[in-house]
$ cat final-v8.csv   # CSV, C-alpha atoms and all ligand atoms
chain,number,residue,atom,x,y,z
S,14,MET,CA,0.0,0.0,0.0
S,15,GLU,CA,2.9,2.3,0.8
S,16,ASP,CA,4.3,1.6,-2.6
S,17,CYS,CA,1.0,2.6,-4.2
S,18,MET,CA,1.1,6.0,-2.4
S,19,GLU,CA,4.7,6.6,-3.3
S,20,GLN,CA,3.9,6.0,-6.9
S,21,ILE,CA,1.0,8.5,-6.7
S,22,PHE,CA,3.0,11.3,-5.0
S,23,ALA,CA,6.0,10.7,-7.3
S,24,LYS,CA,3.9,12.0,-10.2
S,25,LYS,CA,1.9,14.8,-8.6
S,26,ASP,CA,1.6,16.9,-5.5
S,27,TYR,CA,-1.8,15.8,-4.4
S,28,TYR,CA,-4.2,12.9,-4.6
S,29,GLU,CA,-7.6,14.5,-5.3
S,30,ILE,CA,-11.1,13.2,-4.9
S,31,ARG,CA,-14.3,14.8,-6.0
S,32,LEU,CA,-17.7,13.6,-4.7
S,33,GLU,CA,-20.7,14.3,-6.8
S,34,SER,CA,-23.9,13.8,-4.9
S,35,ILE,CA,-27.4,15.1,-4.0
S,36,GLY,CA,-28.3,16.5,-0.6
S,37,GLY,CA,-29.5,13.7,1.6
S,38,LEU,CA,-27.2,10.9,0.4
S,39,GLY,CA,-24.6,11.8,3.0
S,40,ALA,CA,-21.7,12.8,0.8
S,41,ASN,CA,-20.6,15.6,3.2
S,42,LEU,CA,-20.1,13.1,6.0
S,43,CYS,CA,-18.5,10.6,3.7
S,44,GLY,CA,-16.0,13.3,2.6
S,45,LYS,CA,-15.2,14.1,6.2
S,46,MET,CA,-14.6,10.5,7.1
S,47,VAL,CA,-12.3,10.0,4.1
S,48,GLY,CA,-10.2,13.1,5.1
S,49,GLU,CA,-10.0,11.9,8.7
S,50,LEU,CA,-9.0,8.4,7.5
S,51,ALA,CA,-6.0,9.8,5.6
S,52,VAL,CA,-4.7,11.8,8.6
S,53,ARG,CA,-5.3,9.1,11.3
S,54,TYR,CA,-4.4,5.9,9.5
S,55,LEU,CA,-2.5,6.7,6.3
S,56,ASN,CA,0.0,9.2,7.7
S,57,LEU,CA,-1.0,11.8,5.1
S,58,ASN,CA,-2.0,15.4,5.3
S,59,SER,CA,-5.5,16.0,4.1
S,60,ALA,CA,-7.9,18.9,3.5
S,61,GLY,CA,-11.5,18.8,2.3
S,62,PHE,CA,-14.7,20.7,2.1
S,63,SER,CA,-18.2,20.4,0.6
S,64,SER,CA,-20.2,22.8,-1.5
S,65,TYR,CA,-23.9,22.9,-1.3
S,66,GLY,CA,-26.7,25.5,-1.4
S,67,SER,CA,-29.1,26.6,1.2
S,68,GLU,CA,-31.6,23.9,0.3
S,69,LYS,CA,-31.7,20.6,2.0
S,70,THR,CA,-32.4,17.2,0.5
S,71,GLY,CA,-32.5,17.1,-3.3
S,72,THR,CA,-30.0,19.7,-4.4
S,73,PRO,CA,-26.5,19.1,-5.9
S,74,VAL,CA,-23.7,18.6,-3.5
S,75,LYS,CA,-20.0,18.4,-4.3
S,76,GLY,CA,-17.3,17.2,-1.9
S,77,TYR,CA,-13.6,17.9,-2.4
S,78,ILE,CA,-10.7,16.0,-0.6
S,79,ARG,CA,-7.0,16.4,-1.1
S,80,PHE,CA,-4.2,14.2,0.3
S,81,CYS,CA,-0.5,14.8,0.3
S,82,PRO,CA,2.5,13.3,2.0
S,83,PRO,CA,3.1,14.5,5.6
S,84,ASP,CA,6.2,16.5,4.8
S,85,ARG,CA,4.2,18.8,2.6
S,86,GLU,CA,1.6,21.4,3.3
S,87,ILE,CA,-1.7,21.6,1.5
S,88,ARG,CA,-1.8,25.1,0.3
S,89,VAL,CA,-4.6,24.8,-2.3
S,90,HIS,CA,-8.1,25.1,-1.0
S,91,SER,CA,-10.1,25.5,-4.2
S,92,PRO,CA,-12.6,23.1,-5.7
S,93,ILE,CA,-11.0,20.1,-7.4
S,94,VAL,CA,-11.0,20.5,-11.2
S,95,ASN,CA,-9.0,17.4,-12.3
S,96,PRO,CA,-9.9,14.6,-9.9
S,97,ASP,CA,-7.9,11.4,-9.6
S,98,LEU,CA,-11.0,9.8,-8.2
S,99,LEU,CA,-14.5,10.8,-9.1
S,100,VAL,CA,-17.3,9.3,-7.0
S,101,ILE,CA,-20.9,9.7,-8.3
S,102,PHE,CA,-23.5,8.9,-5.7
S,103,HIS,CA,-26.4,8.3,-8.1
S,104,GLN,CA,-26.5,7.2,-11.7
S,105,ALA,CA,-28.9,10.1,-12.6
S,106,LEU,CA,-26.0,12.5,-12.0
S,107,THR,CA,-24.2,11.1,-15.0
S,108,ASN,CA,-26.7,13.1,-17.1
S,109,ASP,CA,-25.2,16.3,-15.8
S,110,GLN,CA,-22.3,17.3,-18.0
S,111,SER,CA,-20.8,19.4,-15.2
S,112,VAL,CA,-20.2,16.2,-13.2
S,113,TRP,CA,-17.6,15.1,-15.8
S,114,LYS,CA,-15.8,18.4,-15.8
S,115,GLY,CA,-12.0,18.0,-15.8
S,116,CYS,CA,-12.0,14.2,-15.9
S,117,SER,CA,-9.3,12.6,-18.0
S,118,ALA,CA,-7.8,9.2,-18.8
S,119,ARG,CA,-6.2,9.0,-15.4
S,120,THR,CA,-9.4,9.6,-13.5
S,121,GLN,CA,-10.9,6.6,-11.8
S,122,VAL,CA,-14.7,6.8,-11.6
S,123,ILE,CA,-17.1,5.0,-9.2
S,124,ILE,CA,-20.8,5.2,-9.9
S,125,ALA,CA,-23.7,4.1,-7.7
S,126,VAL,CA,-26.0,2.4,-10.1
S,127,ASP,CA,-29.3,0.6,-9.5
S,128,GLN,CA,-29.9,-2.8,-11.0
S,129,GLY,CA,-30.7,-2.5,-14.7
S,130,GLN,CA,-29.3,1.0,-15.0
S,131,GLU,CA,-25.7,0.1,-15.5
S,132,GLU,CA,-25.7,0.0,-19.3
S,133,ALA,CA,-27.4,3.4,-19.5
S,134,ALA,CA,-25.0,4.9,-17.1
S,135,LEU,CA,-22.0,3.5,-19.0
S,136,ASP,CA,-23.3,4.9,-22.2
S,137,ARG,CA,-23.0,8.4,-20.7
S,138,LEU,CA,-19.5,7.8,-19.6
S,139,PRO,CA,-17.1,10.1,-21.5
S,140,ALA,CA,-14.8,8.2,-23.8
S,141,ASP,CA,-11.7,9.5,-22.1
S,142,ILE,CA,-12.5,7.7,-18.9
S,143,GLN,CA,-10.5,4.5,-18.9
S,144,THR,CA,-11.4,3.0,-15.5
S,145,CYS,CA,-14.8,2.9,-14.1
S,146,TYR,CA,-16.4,0.9,-11.2
S,147,ALA,CA,-20.0,0.4,-10.3
S,148,VAL,CA,-21.7,-0.5,-7.0
S,149,ASN,CA,-25.4,-1.0,-6.4
S,150,ALA,CA,-25.3,1.3,-3.4
S,151,ARG,CA,-29.0,1.8,-2.9
S,152,GLN,CA,-29.8,-1.9,-2.8
S,153,ILE,CA,-26.9,-2.6,-0.4
S,154,ALA,CA,-28.0,0.2,1.8
S,155,MET,CA,-31.5,-1.1,2.0
S,156,GLU,CA,-30.5,-4.7,2.6
S,157,THR,CA,-28.0,-3.8,5.4
S,158,LYS,CA,-30.1,-1.0,6.9
S,159,SER,CA,-27.3,1.4,6.3
S,160,ARG,CA,-26.8,4.6,4.2
S,161,ILE,CA,-25.6,5.1,0.7
S,162,ASN,CA,-22.6,7.1,2.0
S,163,VAL,CA,-21.1,4.2,3.9
S,164,VAL,CA,-21.5,1.9,1.0
S,165,MET,CA,-19.7,4.4,-1.2
S,166,LEU,CA,-17.0,4.8,1.5
S,167,GLY,CA,-16.3,1.0,1.3
S,168,ALA,CA,-16.2,1.1,-2.5
S,169,MET,CA,-13.8,4.1,-2.4
S,170,ALA,CA,-11.5,2.3,0.0
S,171,LYS,CA,-11.3,-0.7,-2.3
S,172,VAL,CA,-10.7,1.3,-5.5
S,173,MET,CA,-8.1,3.7,-4.0
S,174,GLY,CA,-6.0,0.6,-3.2
S,175,PHE,CA,-4.0,2.1,-0.4
S,176,VAL,CA,-6.6,1.9,2.4
S,177,ALA,CA,-6.8,-1.1,4.7
S,178,PRO,CA,-10.4,-2.4,5.3
S,179,GLU,CA,-9.8,-2.4,9.1
S,180,HIS,CA,-8.9,1.3,9.1
S,181,VAL,CA,-12.0,2.3,7.2
S,182,ARG,CA,-14.1,0.3,9.5
S,183,GLN,CA,-12.5,2.0,12.5
S,184,ILE,CA,-13.2,5.5,11.1
S,185,CYS,CA,-16.8,4.5,10.5
S,186,ARG,CA,-17.0,3.3,14.2
S,187,ASP,CA,-15.4,6.5,15.4
S,188,ASN,CA,-17.8,8.8,13.5
S,189,LEU,CA,-21.0,6.9,13.3
S,190,GLY,CA,-20.7,4.9,16.6
S,191,ARG,CA,-20.9,8.1,18.6
S,192,LYS,CA,-23.6,9.8,16.6
S,193,TYR,CA,-25.8,6.8,15.7
S,194,PRO,CA,-24.8,3.9,17.9
S,195,ALA,CA,-28.0,1.9,17.1
S,196,ALA,CA,-27.3,2.1,13.4
S,197,LEU,CA,-23.6,1.2,13.7
S,198,GLU,CA,-23.9,-2.5,13.0
S,199,GLY,CA,-25.9,-1.9,9.8
S,200,ASN,CA,-23.5,0.8,8.7
S,201,LEU,CA,-20.5,-1.5,9.1
S,202,LYS,CA,-22.3,-4.2,7.1
S,203,GLY,CA,-23.0,-1.6,4.4
S,204,LEU,CA,-19.4,-0.6,4.4
S,205,ASP,CA,-18.2,-4.1,4.0
S,206,GLN,CA,-20.6,-4.9,1.3
S,207,GLY,CA,-19.5,-1.7,-0.6
S,208,TYR,CA,-15.9,-2.9,-0.3
S,209,ALA,CA,-16.8,-6.4,-1.4
S,210,GLN,CA,-19.3,-5.6,-4.2
S,211,VAL,CA,-17.7,-2.7,-6.1
S,212,ARG,CA,-16.9,-4.1,-9.5
S,213,THR,CA,-15.0,-3.0,-12.6
S,214,VAL,CA,-17.2,-2.1,-15.5
S,215,ARG,CA,-14.7,-0.4,-17.7
S,216,LYS,CA,-10.9,-0.9,-17.8
S,217,TYR,CA,-9.2,-0.1,-21.0
S,218,PRO,CA,-7.5,-1.7,-22.7
S,219,GLU,CA,-8.3,-5.0,-20.8
S,220,THR,CA,-12.1,-5.0,-21.0
S,221,GLY,CA,-13.0,-3.7,-24.3
S,222,THR,CA,-12.3,-1.4,-27.2
S,223,LYS,CA,-12.1,2.3,-26.5
S,224,LYS,CA,-15.1,4.2,-27.8
S,225,GLU,CA,-14.7,7.0,-30.3
S,226,ALA,CA,-13.8,10.3,-28.6
S,227,SER,CA,-16.9,11.9,-30.1
S,228,ALA,CA,-19.0,9.9,-27.6
S,229,ALA,CA,-17.8,12.1,-24.8
S,230,PRO,CA,-20.4,14.6,-23.5
S,231,LYS,CA,-19.8,18.2,-24.5
S,232,ASP,CA,-18.8,20.5,-21.7
S,233,SER,CA,-21.6,22.8,-22.6
S,234,GLN,CA,-23.3,23.8,-19.4
S,235,GLU,CA,-20.9,26.4,-18.1
S,236,TRP,CA,-22.6,29.8,-17.9
S,237,GLY,CA,-20.4,32.8,-18.5
S,238,TYR,CA,-21.0,36.4,-19.6
S,239,VAL,CA,-21.3,35.3,-23.2
S,240,THR,CA,-23.6,32.3,-22.7
S,241,ALA,CA,-25.7,33.5,-19.7
S,242,PRO,CA,-29.4,33.8,-20.6
S,243,ILE,CA,-30.9,37.2,-20.9
S,244,GLY,CA,-31.2,39.1,-17.6
S,245,GLY,CA,-28.7,36.7,-16.0
S,246,VAL,CA,-31.5,34.3,-15.1
S,247,ASN,CA,-30.0,30.9,-14.1
S,248,PRO,CA,-32.4,28.3,-15.7
S,249,ARG,CA,-30.7,25.6,-13.7
S,250,ALA,CA,-31.3,27.2,-10.3
S,251,GLY,CA,-31.7,24.8,-7.3
S,252,SER,CA,-35.4,25.4,-7.4
S,253,THR,CA,-37.2,22.4,-6.2
S,254,VAL,CA,-40.0,23.1,-8.6
S,255,THR,CA,-38.0,22.7,-11.7
S,256,ALA,CA,-35.4,20.1,-10.4
S,257,ASP,CA,-35.8,16.4,-10.9
S,258,LEU,CA,-35.6,15.2,-7.3
S,259,SER,CA,-36.2,11.5,-7.9
S,260,PRO,CA,-32.5,10.7,-7.5
S,261,SER,CA,-32.7,11.8,-3.9
S,262,ARG,CA,-35.0,9.0,-3.0
S,263,GLN,CA,-33.3,6.3,-1.1
S,264,GLY,CA,-35.4,3.3,-2.1
S,265,TYR,CA,-38.7,4.4,-0.8
S,266,VAL,CA,-41.7,6.3,-2.2
S,267,PRO,CA,-45.0,7.5,-0.7
S,268,VAL,CA,-47.7,5.2,-2.2
S,269,PHE,CA,-51.1,6.9,-2.6
S,270,ILE,CA,-54.2,4.9,-1.7
S,271,LYS,CA,-56.8,7.2,-3.2
S,272,GLU,CA,-59.9,5.4,-1.8
S,273,ARG,CA,-58.8,6.3,1.8
S,274,CYS,CA,-58.1,9.9,1.1
S,275,ILE,CA,-60.3,12.5,2.8
S,276,ASN,CA,-58.8,15.4,0.9
S,277,CYS,CA,-57.7,17.2,4.1
S,278,GLY,CA,-54.7,18.7,2.4
S,279,LEU,CA,-52.3,18.0,5.2
S,280,CYS,CA,-49.9,16.3,2.8
S,281,ASP,CA,-49.9,19.2,0.5
S,282,SER,CA,-49.1,21.7,3.2
S,283,THR,CA,-46.4,19.5,4.6
S,284,CYS,CA,-44.6,18.5,1.4
S,285,PRO,CA,-41.7,20.8,0.7
S,286,ASP,CA,-41.6,20.1,-3.0
S,287,MET,CA,-45.0,20.7,-4.6
S,288,VAL,CA,-45.6,17.1,-5.3
S,289,PHE,CA,-49.4,16.9,-4.6
S,290,GLN,CA,-51.7,17.9,-7.4
S,291,PHE,CA,-55.0,19.3,-6.0
S,292,ALA,CA,-57.7,20.5,-8.3
S,293,LYS,CA,-61.4,21.4,-8.0
S,294,GLY,CA,-63.6,18.4,-7.7
S,295,THR,CA,-66.2,16.8,-5.5
S,296,PHE,CA,-65.9,14.6,-2.5
S,297,LYS,CA,-68.9,13.1,-0.7
S,298,GLY,CA,-71.1,15.3,-2.8
S,299,LYS,CA,-69.4,18.5,-1.8
S,300,GLU,CA,-67.4,20.7,-4.1
S,301,MET,CA,-63.8,21.0,-2.8
S,302,MET,CA,-60.2,20.8,-3.8
S,303,VAL,CA,-59.4,17.1,-4.4
S,304,ASN,CA,-56.1,15.3,-4.2
S,305,ARG,CA,-55.7,13.9,-7.7
S,306,GLY,CA,-52.2,12.4,-7.4
S,307,LEU,CA,-48.5,13.0,-7.0
S,308,ASP,CA,-45.8,14.4,-9.3
S,309,TYR,CA,-43.1,11.9,-8.4
S,310,TYR,CA,-40.7,13.8,-10.5
S,311,HIS,CA,-40.4,16.3,-7.6
S,312,CYS,CA,-40.7,13.8,-4.7
S,313,LYS,CA,-37.4,13.3,-2.8
S,314,GLY,CA,-38.8,10.6,-0.6
S,315,CYS,CA,-38.6,12.4,2.8
S,316,MET,CA,-41.8,10.6,3.9
S,317,ARG,CA,-43.1,13.6,5.8
S,318,CYS,CA,-46.4,13.2,4.0
S,319,VAL,CA,-46.7,9.6,5.1
S,320,ASP,CA,-46.2,10.7,8.7
S,321,VAL,CA,-48.8,13.4,8.5
S,322,CYS,CA,-51.6,11.7,6.7
S,323,PRO,CA,-54.3,11.0,9.3
S,324,VAL,CA,-56.0,8.1,7.4
S,325,ASN,CA,-53.0,6.2,6.0
S,326,ALA,CA,-53.9,7.2,2.4
S,327,LEU,CA,-50.1,7.6,2.0
S,328,VAL,CA,-47.9,4.7,2.9
S,329,ARG,CA,-44.2,4.0,2.6
S,330,GLY,CA,-43.5,1.7,-0.2
S,331,VAL,CA,-40.3,0.1,-1.6
S,332,GLU,CA,-39.7,1.9,-4.9
S,333,ALA,CA,-38.5,-1.2,-6.7
S,334,GLU,CA,-41.9,-2.7,-6.1
S,335,HIS,CA,-43.8,0.4,-7.3
S,336,LEU,CA,-42.0,1.3,-10.6
S,337,GLU,CA,-45.5,1.8,-12.1
S,338,LYS,CA,-47.0,4.5,-9.9
S,339,GLN,CA,-50.7,4.5,-10.1
S,340,TYR,CA,-51.3,8.2,-9.3
S,341,PHE,CA,-48.3,9.7,-11.0
S,342,LEU,CA,-49.6,13.0,-12.2
S,343,PRO,CA,-47.2,15.5,-13.7
S,344,ASN,CA,-47.5,19.1,-12.3
S,345,GLN,CA,-49.9,20.7,-14.7
S,346,ASP,CA,-48.5,24.2,-14.1
S,347,MET,CA,-45.0,23.0,-15.2
S,348,LEU,CA,-46.4,21.2,-18.2
S,349,ARG,CA,-47.8,24.3,-19.8
S,350,VAL,CA,-44.3,25.5,-20.7
S,351,PRO,CA,-41.5,22.9,-20.5
S,352,ASP,CA,-39.0,25.7,-21.0
S,353,TYR,CA,-40.6,28.0,-18.5
S,354,TYR,CA,-37.3,29.0,-16.9
S,355,VAL,CA,-35.3,29.1,-20.2
S,356,LYS,CA,-37.6,31.4,-22.1
S,357,ALA,CA,-36.8,35.0,-21.4
S,358,GLY,CA,-37.7,38.2,-23.1
S,359,PRO,CA,-40.9,39.8,-24.5
S,360,ASP,CA,-42.4,36.7,-25.8
S,361,GLY,CA,-41.5,34.6,-22.8
S,362,TYR,CA,-43.1,34.0,-19.5
S,363,VAL,CA,-40.4,35.7,-17.7
S,364,THR,CA,-41.5,39.2,-18.7
S,365,SER,CA,-40.3,42.4,-17.2
S,366,GLU,CA,-42.8,44.9,-15.7
S,367,SER,CA,-41.2,47.6,-17.8
S,368,TYR,CA,-42.0,45.7,-21.0
S,369,LEU,CA,-45.6,45.3,-19.8
S,370,THR,CA,-45.8,49.1,-19.3
S,371,GLU,CA,-44.5,49.7,-22.8
S,372,LYS,CA,-47.1,47.4,-24.2
S,373,ARG,CA,-49.9,49.1,-22.3
S,374,MET,CA,-48.7,52.5,-23.7
S,375,GLU,CA,-48.8,51.1,-27.2
S,376,GLY,CA,-52.4,49.9,-26.6
S,377,GLY,CA,-51.3,46.3,-26.7
S,378,GLU,CA,-53.0,43.6,-24.8
S,379,VAL,CA,-51.1,42.5,-21.7
S,401,LIG,S1,-53.0,13.9,4.1
S,401,LIG,FE1,-53.8,12.0,3.4
S,401,LIG,S2,-56.0,12.2,3.6
S,401,LIG,FE2,-55.1,14.2,3.6
S,401,LIG,S3,-55.2,14.9,1.5
S,401,LIG,FE3,-53.2,14.0,1.8
S,401,LIG,S4,-53.4,11.9,1.2
S,401,LIG,FE4,-55.5,12.7,1.5
S,402,LIG,S1,-42.1,12.0,0.4
S,402,LIG,FE1,-44.0,13.1,0.6
S,402,LIG,S2,-43.5,15.0,1.6
S,402,LIG,FE2,-41.6,14.1,0.9
S,402,LIG,S3,-41.2,15.0,-1.1
S,402,LIG,FE3,-42.3,13.1,-1.5
S,402,LIG,S4,-44.4,13.7,-1.5
S,402,LIG,FE4,-43.3,15.4,-0.6

$ encode --input "final-v8.csv" --output "structure tokens" --more "lines below"
Ligand code: SF4
Ligand code: SF4
Amino acid sequence: MEDCMEQIFAKKDYYEIRLESIGGLGANLCGKMVGELAVRYLNLNSAGFSSYGSEKTGTPVKGYIRFCPPDREIRVHSPIVNPDLLVIFHQALTNDQSVWKGCSARTQVIIAVDQGQEEAALDRLPADIQTCYAVNARQIAMETKSRINVVMLGAMAKVMGFVAPEHVRQICRDNLGRKYPAALEGNLKGLDQGYAQVRTVRKYPETGTKKEASAAPKDSQEWGYVTAPIGGVNPRAGSTVTADLSPSRQGYVPVFIKERCINCGLCDSTCPDMVFQFAKGTFKGKEMMVNRGLDYYHCKGCMRCVDVCPVNALVRGVEAEHLEKQYFLPNQDMLRVPDYYVKAGPDGYVTSESYLTEKRMEGGEV
């Protein structure tokens, strides 16, 4: 293991890890544990931080960790642009071009993929990436009653190649044993399974022929002063109304049993993400707002609605058993303009007040 580290630091100053995740999957804690592991058990210097917005579950999270030998100081504290190890906590993130930013042939990639999703995730892998590993983190987490972050921690320890399993177990005990003693056994099992089950899905040149470079995603989602939309509106803001929050779900969904629903509206006022689709209707002969279904696209699986429903019309279900969701109803307000946040200007829905005044003066219809 020491030889492995010597080889790494002979070529470059730092070993750099970037975590790409979604709020709620525990990447921040995972990053902290990895940093602590390096200092306490690998005799390395380490520095790390996470970047996330003010929102909670469901928004993008990035974690950055740097290692270097103990006789050097870490003087760089910026986000990691060219990672040696890129860890993607959910396969849906492979759709986001910014996730692949700065990756090259030397970047090792680990992706958390659900069963049946591996091929699609691999199709989105840039051609430059030569080594990729996959682990079914969500299923392992559910089976072991642990969290996705510990499964990914186990997978990272295996892939890095210079971390002893007993050390990563100890760091897990030190951190999670204090905070969540009741969940420690499950978390250790999840960690072990992550270590054992992470598998190679691409390793050039051994496991296949390299794809044409044109298959790599284009790095096209960077906004700058030239490419920013009119008015500086960021169409990819962390708004939970426009964002696809389904990757935040950790294996469970609220299942709606409409026959039991009394249309009290408690779920709608509790849900933080505009999932419930109420509309005028009748219930027991009275006109009222009626719960017609859920837009699962926005549901992050927090289960607050299940807790609050007084008649068990919403129950916790294993998502793999409810792939066809009976009352999946896309948000009608969002449907009317798919590019609601992209369109800007006079003919768009994002229309300035000054423009409206101008139109009024011209006798136009506003
Ligand atoms: S809380 Fe339960 S009963 Fe009330 S509207 Fe929601 S699903 Fe229906
Ligand atoms: S689990 Fe319920 S409360 Fe939470 S986001 Fe989904 S619908 Fe809303």

$ closest_residue --input "final-v8.csv" --among "S:Arg317, S:Arg53, S:Arg273, S:Arg182" --to "S:Leu204" --atoms "all atoms listed in the file"
S:Arg182

$ residues_near_ligand --input "final-v8.csv" --ligand "ligand LIG 401 (chain S)" --cutoff "12 Å" --atoms "all atoms listed in the file" --output "PyMOL selection string"
chain S and resi 267-284+288-292+296+301-307+316-328+340

$ closest_residue --input "final-v8.csv" --among "S:Leu201, S:Val331, S:Ala196, S:Val172" --to "S:Val100" --atoms "all atoms listed in the file"
S:Val172

$ atom_distance --input "final-v8.csv" --atom1 "atom CA of S:His335" --atom2 "atom CA of S:Val266"
8.1 Å

$ atom_distance --input "final-v8.csv" --atom1 "atom CA of S:Ile101" --atom2 "atom CA of S:Arg31"
8.7 Å

$ atom_distance --input "final-v8.csv" --atom1 "atom CA of S:Val122" --atom2 "atom CA of S:Leu135"
10.9 Å

$ residues_near_point --input "final-v8.csv" --point "(-11.6, 10.9, 10.6)" --cutoff "8 Å" --atoms "all atoms listed in the file" --output "PDB file with C-alpha atoms, in the frame of the given file"
ATOM      1  CA  LYS S  45     -15.200  14.100   6.200  1.00  0.00           C
ATOM      2  CA  MET S  46     -14.600  10.500   7.100  1.00  0.00           C
ATOM      3  CA  VAL S  47     -12.300  10.000   4.100  1.00  0.00           C
ATOM      4  CA  GLY S  48     -10.200  13.100   5.100  1.00  0.00           C
ATOM      5  CA  GLU S  49     -10.000  11.900   8.700  1.00  0.00           C
ATOM      6  CA  LEU S  50      -9.000   8.400   7.500  1.00  0.00           C
ATOM      7  CA  ALA S  51      -6.000   9.800   5.600  1.00  0.00           C
ATOM      8  CA  VAL S  52      -4.700  11.800   8.600  1.00  0.00           C
ATOM      9  CA  ARG S  53      -5.300   9.100  11.300  1.00  0.00           C
ATOM     10  CA  ILE S 184     -13.200   5.500  11.100  1.00  0.00           C
ATOM     11  CA  ASP S 187     -15.400   6.500  15.400  1.00  0.00           C
ATOM     12  CA  ASN S 188     -17.800   8.800  13.500  1.00  0.00           C
TER      13      ASN S 188
END

$ residues_around --input "final-v8.csv" --residues "S:Glu29" --least-positions-apart "4" --cutoff "10 Å" --atoms "all atoms listed in the file" --output "ChimeraX atom specification"
/S:59-61,77-81,92-99,120

$ closest_residue --input "final-v8.csv" --among "S:Ala134, S:Ile153, S:Met18, S:Cys312" --to "ligand LIG 402 (chain S)" --atoms "all atoms listed in the file"
S:Cys312

$ closest_residue --input "final-v8.csv" --among "S:Gly115, S:Gly207, S:Gly190, S:Pro260" --to "ligand LIG 402 (chain S)" --atoms "only C-alpha atoms and all ligand atoms"
S:Pro260

$ closest_residue --input "final-v8.csv" --among "S:Pro285, S:Gly298, S:Gly330, S:Gly264" --to "ligand LIG 402 (chain S)" --atoms "all atoms listed in the file"
S:Pro285

$ closest_residue --input "final-v8.csv" --among "S:Ser117, S:Asn58, S:Gln20, S:Ser261" --to "S:Pro139" --atoms "all atoms listed in the file"
S:Ser117

$ residues_around --input "final-v8.csv" --residues "S:Val164" --least-positions-apart "2" --cutoff "7 Å" --atoms "all atoms listed in the file" --output "short mmCIF file (atom, residue, chain, number, x, y, z; two decimals) with C-alpha atoms, in the frame of the given file"
data_model
loop_
_atom_site.label_atom_id
_atom_site.label_comp_id
_atom_site.auth_asym_id
_atom_site.auth_seq_id
_atom_site.Cartn_x
_atom_site.Cartn_y
_atom_site.Cartn_z
CA ALA S 150 -25.30 1.30 -3.40
CA ALA S 154 -28.00 0.20 1.80
CA ARG S 160 -26.80 4.60 4.20
CA ILE S 161 -25.60 5.10 0.70
CA ASN S 162 -22.60 7.10 2.00
CA LEU S 166 -17.00 4.80 1.50
CA GLY S 167 -16.30 1.00 1.30
CA ALA S 168 -16.20 1.10 -2.50
CA GLY S 203 -23.00 -1.60 4.40
CA LEU S 204 -19.40 -0.60 4.40
CA GLN S 206 -20.60 -4.90 1.30
CA GLY S 207 -19.50 -1.70 -0.60
#

$ residues_around --input "final-v8.csv" --residues "S:Val126" --least-positions-apart "5" --cutoff "10 Å" --atoms "only C-alpha atoms" --output "ChimeraX atom specification"
/S:101-105,131-135,146-152

$ decode --input "final-v8.csv" --residues "stretch 47-58 of chain S" --atoms "N, CA and C atoms" --output "tab-separated table (two decimals), in the first residue's frame"
chain	number	residue	atom	x	y	z
S	47	VAL	N	-13.40	10.36	4.93
S	47	VAL	CA	-12.26	10.04	4.07
S	47	VAL	C	-11.05	10.91	4.46
S	48	GLY	N	-11.31	12.20	4.71
S	48	GLY	CA	-10.23	13.10	5.11
S	48	GLY	C	-9.60	12.67	6.43
S	49	GLU	N	-10.45	12.30	7.38
S	49	GLU	CA	-9.95	11.88	8.70
S	49	GLU	C	-9.17	10.58	8.59
S	50	LEU	N	-9.65	9.72	7.73
S	50	LEU	CA	-8.98	8.43	7.50
S	50	LEU	C	-7.53	8.64	7.05
S	51	ALA	N	-7.35	9.58	6.14
S	51	ALA	CA	-6.01	9.83	5.60
S	51	ALA	C	-5.05	10.31	6.69
S	52	VAL	N	-5.56	11.19	7.56
S	52	VAL	CA	-4.69	11.75	8.60
S	52	VAL	C	-4.40	10.72	9.69
S	53	ARG	N	-5.43	10.02	10.10
S	53	ARG	CA	-5.25	9.14	11.26
S	53	ARG	C	-4.60	7.80	10.93
S	54	TYR	N	-4.85	7.30	9.74
S	54	TYR	CA	-4.36	5.94	9.47
S	54	TYR	C	-3.41	5.83	8.29
S	55	LEU	N	-3.34	6.83	7.46
S	55	LEU	CA	-2.47	6.72	6.30
S	55	LEU	C	-1.23	7.61	6.41
S	56	ASN	N	-1.13	8.30	7.52
S	56	ASN	CA	0.00	9.19	7.73
S	56	ASN	C	0.14	10.20	6.58
S	57	LEU	N	-0.98	10.76	6.20
S	57	LEU	CA	-0.98	11.77	5.12
S	57	LEU	C	-1.54	13.08	5.67
S	58	ASN	N	-1.28	14.15	4.99
S	58	ASN	CA	-2.01	15.39	5.27
S	58	ASN	C	-3.26	15.38	4.41
